[in-house]
There are 6 protein chains.
Amino acid sequence: MDHSIQLVPNNTLITSTPEEGRQLAVKMARLIIKITQPDAEKREKMRANYSEDPGLIIATGQTVATEFATIAAANNYWR
Amino acid sequence: MDHSIQLVPNNTLITSTPEEGRQLAVKMARLIIKITQPDAEKREKMRANYSEDPGLIIATGQTVATEFATIAAANNYWR
Amino acid sequence: MDHSIQLVPNNTLITSTPEEGRQLAVKMARLIIKITQPDAEKREKMRANYSEDPGLIIATGQTVATEFATIAAANNYWR
Amino acid sequence: MDHSIQLVPNNTLITSTPEEGRQLAVKMARLIIKITQPDAEKREKMRANYSEDPGLIIATGQTVATEFATIAAANNYWR
Amino acid sequence: MDHSIQLVPNNTLITSTPEEGRQLAVKMARLIIKITQPDAEKREKMRANYSEDPGLIIATGQTVATEFATIAAANNYWR
Amino acid sequence: MDHSIQLVPNNTLITSTPEEGRQLAVKMARLIIKITQPDAEKREKMRANYSEDPGLIIATGQTVATEFATIAAANNYWR
């Protein structure tokens, strides 16, 4: 694993607001893609394809939903 | 990430009723699709295709179910 | 989103029994399909196809399982 | 929905042992398949196909895992 | 369902260590495959194919992750 | 199962930081792939293919998200 890539931005799951928690979920999902395919050019090429493929976009949404569930629990749902 | 798109409407997971919580789950799932494919025209074209594809509709339902689980927990299940 | 469709029947996750909770999970999963494809004729056509496709039936079962997890927690598992 | 099919055998999530809980998870997953495709002959035909398809078998396993998570929580993990 | 196959080894989710919990998750995932396809020869043939198919291997990993979540909660995360 | 492969590095889910927890989630997801396909050469060949396949990369991300949810709960979210 490439330890130079930080997988959890700021090394915390705690955020001020749900909006920031959601942005963190999106970032954490993308960082896993980055360490799985570290070649930026190849990632860019894949991205061009997948952003027009509804199945892959929905699968991305499922991942974000799972990451967000964890972040929301960590923040006690910002109640 | 396009920070001009708000990912959590009203920046809260708290809703008055389960019905509103469910609508929030649907909206949050759709907003992830929006930031993944920000081009409205391409989204419209994809939508036309995927709304007749049962596999993609079911996958959308799975995402909504996961988002709703988080929102329901945040609201202590509106008990 | 078509707000004339109620996404949570009776606007509550609370049910008397596990059986009723399971029926609610099935209904909630189907209502998401309904708002994603509001055209009844197209839904009927899709249903004819997907009810003979084991992959889609299993995927439907996964969605119901996730919805039911939320409903069961809401009802404190009817203990 | 065909209300003559009972979706939760014995109408309870409580079981004496983990083994019985696991059997209940399998049964509940199968009963959703039954109400989605109520025609027994068609189900039998599909089953012949899918039991030799590793992707579908693994997907079935994912559904059982989700159902079991709910049943295990309901039983406080039989601790 | 073939009741001669035990679905939960030792009929408990409690293990001494995380490592044993992880092994239990793998075993429980495999036992569901066994009751879905009870024919050992067919299972062996499928296994030969799927162990070289990255999509199926990743799907297996998703199932193990879900089983392990339940087992880890049962053991209060071995804290 | 090949018991010579340790499935949970250091045999604990407890980590000092979210970043270390995330790295553990990635490792645990990869170790399941390793015991499913123990042949290093075949794994290398698969990896070359799948790291350019967006669907498989996203599926890997979903697995990591599920593993991380468990690890984060084990660490009480590093609050």
# chains A, B, ... in the order shown; residues from 1 in each chain; ligands from 1

$ closest_atom_pairs --of "chain A" --to "chain F" --cutoff "9 Å" --atoms "only C-alpha atoms" --output "Markdown table"
| residue | atom | partner | partner_atom | distance |
| --- | --- | --- | --- | --- |
| A:Met1 | CA | F:Gln23 | CA | 8.1 |
| A:His3 | CA | F:Gln23 | CA | 8.7 |
| A:Gln6 | CA | F:Glu19 | CA | 7.1 |
| A:Leu7 | CA | F:Glu19 | CA | 6.1 |
| A:Val8 | CA | F:Glu19 | CA | 5.3 |
| A:Pro9 | CA | F:Glu19 | CA | 8.3 |
| A:Asn10 | CA | F:Glu19 | CA | 8.8 |
| A:Asn11 | CA | F:Glu19 | CA | 5.5 |
| A:Thr12 | CA | F:Pro18 | CA | 5.9 |
| A:Leu13 | CA | F:Tyr77 | CA | 7.1 |
| A:Ile14 | CA | F:Arg79 | CA | 7.6 |
| A:Met28 | CA | F:Ala65 | CA | 8.9 |
| A:Ala29 | CA | F:Gly61 | CA | 6.5 |
| A:Arg30 | CA | F:Gly61 | CA | 8.4 |
| A:Ile32 | CA | F:Gly61 | CA | 5.9 |
| A:Ile33 | CA | F:Ile57 | CA | 6.2 |
| A:Thr36 | CA | F:Ser51 | CA | 6.4 |
| A:Gln37 | CA | F:Ser51 | CA | 5.6 |
| A:Lys42 | CA | F:Glu52 | CA | 7.2 |
| A:Arg43 | CA | F:Glu52 | CA | 8.0 |
| A:Met46 | CA | F:Pro54 | CA | 6.3 |
| A:Arg47 | CA | F:Pro54 | CA | 7.9 |
| A:Asn49 | CA | F:Pro54 | CA | 8.6 |
| A:Tyr50 | CA | F:Pro54 | CA | 6.8 |
| A:Gly55 | CA | F:Gly55 | CA | 8.6 |
| A:Leu56 | CA | F:Gly55 | CA | 6.2 |
| A:Ala59 | CA | F:Ile58 | CA | 6.8 |
| A:Thr60 | CA | F:Ile58 | CA | 6.4 |
| A:Gln62 | CA | F:Gln62 | CA | 7.5 |
| A:Thr63 | CA | F:Gln62 | CA | 5.0 |
| A:Val64 | CA | F:Ala65 | CA | 8.4 |
| A:Thr66 | CA | F:Ala65 | CA | 6.1 |
| A:Glu67 | CA | F:Ala65 | CA | 5.6 |
| A:Ala69 | CA | F:Ala69 | CA | 8.0 |
| A:Thr70 | CA | F:Ala69 | CA | 5.5 |
| A:Ile71 | CA | F:Tyr77 | CA | 8.4 |
| A:Ala73 | CA | F:Tyr77 | CA | 8.1 |
| A:Ala74 | CA | F:Tyr77 | CA | 5.2 |
| A:Asn75 | CA | F:Arg79 | CA | 8.5 |

$ select_by_dssp --residues "segment 18-79 of chain C" --states "alpha helix (DSSP H)" --output "ChimeraX atom specification"
/C:18-36,40-50,54-74

$ decode --residues "segment 31-68 of chain B" --atoms "N, CA and C atoms" --output "short mmCIF file (atom, residue, chain, number, x, y, z; two decimals), in the first residue's frame"
data_model
loop_
_atom_site.label_atom_id
_atom_site.label_comp_id
_atom_site.auth_asym_id
_atom_site.auth_seq_id
_atom_site.Cartn_x
_atom_site.Cartn_y
_atom_site.Cartn_z
N LEU B 31 -28.15 13.38 -5.42
CA LEU B 31 -27.12 14.43 -5.42
C LEU B 31 -25.72 13.84 -5.63
N ILE B 32 -25.51 12.60 -5.20
CA ILE B 32 -24.20 11.96 -5.46
C ILE B 32 -24.06 11.71 -6.96
N ILE B 33 -25.16 11.29 -7.59
CA ILE B 33 -25.13 11.11 -9.06
C ILE B 33 -24.79 12.45 -9.73
N LYS B 34 -25.36 13.52 -9.20
CA LYS B 34 -25.15 14.85 -9.79
C LYS B 34 -23.67 15.29 -9.72
N ILE B 35 -23.01 15.05 -8.58
CA ILE B 35 -21.60 15.49 -8.54
C ILE B 35 -20.69 14.52 -9.31
N THR B 36 -21.14 13.27 -9.49
CA THR B 36 -20.32 12.33 -10.25
C THR B 36 -20.41 12.64 -11.74
N GLN B 37 -21.59 13.03 -12.19
CA GLN B 37 -21.80 13.44 -13.59
C GLN B 37 -22.47 14.82 -13.57
N PRO B 38 -21.66 15.90 -13.53
CA PRO B 38 -22.23 17.24 -13.37
C PRO B 38 -22.93 17.77 -14.63
N ASP B 39 -22.72 17.12 -15.78
CA ASP B 39 -23.31 17.61 -17.04
C ASP B 39 -24.79 17.20 -17.10
N ALA B 40 -25.68 18.21 -17.01
CA ALA B 40 -27.12 17.94 -16.90
C ALA B 40 -27.65 17.18 -18.12
N GLU B 41 -27.14 17.53 -19.29
CA GLU B 41 -27.62 16.89 -20.51
C GLU B 41 -27.27 15.39 -20.53
N LYS B 42 -26.02 15.09 -20.13
CA LYS B 42 -25.60 13.68 -20.06
C LYS B 42 -26.41 12.91 -19.01
N ARG B 43 -26.69 13.60 -17.89
CA ARG B 43 -27.50 12.94 -16.85
C ARG B 43 -28.89 12.60 -17.39
N GLU B 44 -29.46 13.56 -18.13
CA GLU B 44 -30.81 13.36 -18.67
C GLU B 44 -30.85 12.16 -19.61
N LYS B 45 -29.81 12.07 -20.44
CA LYS B 45 -29.71 10.98 -21.42
C LYS B 45 -29.58 9.63 -20.69
N MET B 46 -28.72 9.61 -19.69
CA MET B 46 -28.55 8.38 -18.90
C MET B 46 -29.85 7.99 -18.23
N ARG B 47 -30.54 8.98 -17.68
CA ARG B 47 -31.77 8.72 -16.95
C ARG B 47 -32.81 8.04 -17.84
N ALA B 48 -32.90 8.53 -19.08
CA ALA B 48 -33.85 7.94 -20.04
C ALA B 48 -33.55 6.44 -20.20
N ASN B 49 -32.27 6.12 -20.30
CA ASN B 49 -31.92 4.70 -20.44
C ASN B 49 -32.17 3.90 -19.17
N TYR B 50 -31.69 4.43 -18.04
CA TYR B 50 -31.67 3.58 -16.85
C TYR B 50 -33.06 3.38 -16.24
N SER B 51 -33.99 4.33 -16.51
CA SER B 51 -35.31 4.18 -15.91
C SER B 51 -36.10 3.04 -16.57
N GLU B 52 -35.55 2.44 -17.63
CA GLU B 52 -36.20 1.26 -18.22
C GLU B 52 -35.36 0.01 -18.00
N ASP B 53 -34.31 0.14 -17.21
CA ASP B 53 -33.42 -0.99 -16.95
C ASP B 53 -33.65 -1.47 -15.51
N PRO B 54 -34.34 -2.62 -15.35
CA PRO B 54 -34.69 -3.05 -14.00
C PRO B 54 -33.48 -3.22 -13.08
N GLY B 55 -32.35 -3.68 -13.62
CA GLY B 55 -31.16 -3.87 -12.78
C GLY B 55 -30.70 -2.55 -12.17
N LEU B 56 -30.74 -1.49 -12.96
CA LEU B 56 -30.29 -0.19 -12.46
C LEU B 56 -31.30 0.40 -11.49
N ILE B 57 -32.57 0.18 -11.74
CA ILE B 57 -33.61 0.69 -10.82
C ILE B 57 -33.49 -0.01 -9.46
N ILE B 58 -33.24 -1.32 -9.50
CA ILE B 58 -33.09 -2.05 -8.24
C ILE B 58 -31.83 -1.57 -7.50
N ALA B 59 -30.74 -1.32 -8.25
CA ALA B 59 -29.51 -0.82 -7.63
C ALA B 59 -29.74 0.55 -7.00
N THR B 60 -30.55 1.38 -7.65
CA THR B 60 -30.91 2.67 -7.07
C THR B 60 -31.65 2.45 -5.76
N GLY B 61 -32.56 1.48 -5.76
CA GLY B 61 -33.31 1.17 -4.54
C GLY B 61 -32.39 0.72 -3.41
N GLN B 62 -31.33 0.00 -3.74
CA GLN B 62 -30.40 -0.44 -2.70
C GLN B 62 -29.68 0.75 -2.08
N THR B 63 -29.32 1.71 -2.91
CA THR B 63 -28.65 2.90 -2.40
C THR B 63 -29.59 3.69 -1.50
N VAL B 64 -30.82 3.89 -1.93
CA VAL B 64 -31.79 4.63 -1.11
C VAL B 64 -31.98 3.91 0.23
N ALA B 65 -32.04 2.58 0.21
CA ALA B 65 -32.22 1.83 1.46
C ALA B 65 -31.08 2.10 2.43
N THR B 66 -29.85 2.18 1.91
CA THR B 66 -28.70 2.44 2.78
C THR B 66 -28.72 3.87 3.31
N GLU B 67 -29.02 4.84 2.46
CA GLU B 67 -29.12 6.23 2.92
C GLU B 67 -30.22 6.36 3.99
N PHE B 68 -31.35 5.68 3.75
CA PHE B 68 -32.47 5.78 4.68
C PHE B 68 -32.12 5.17 6.04
#
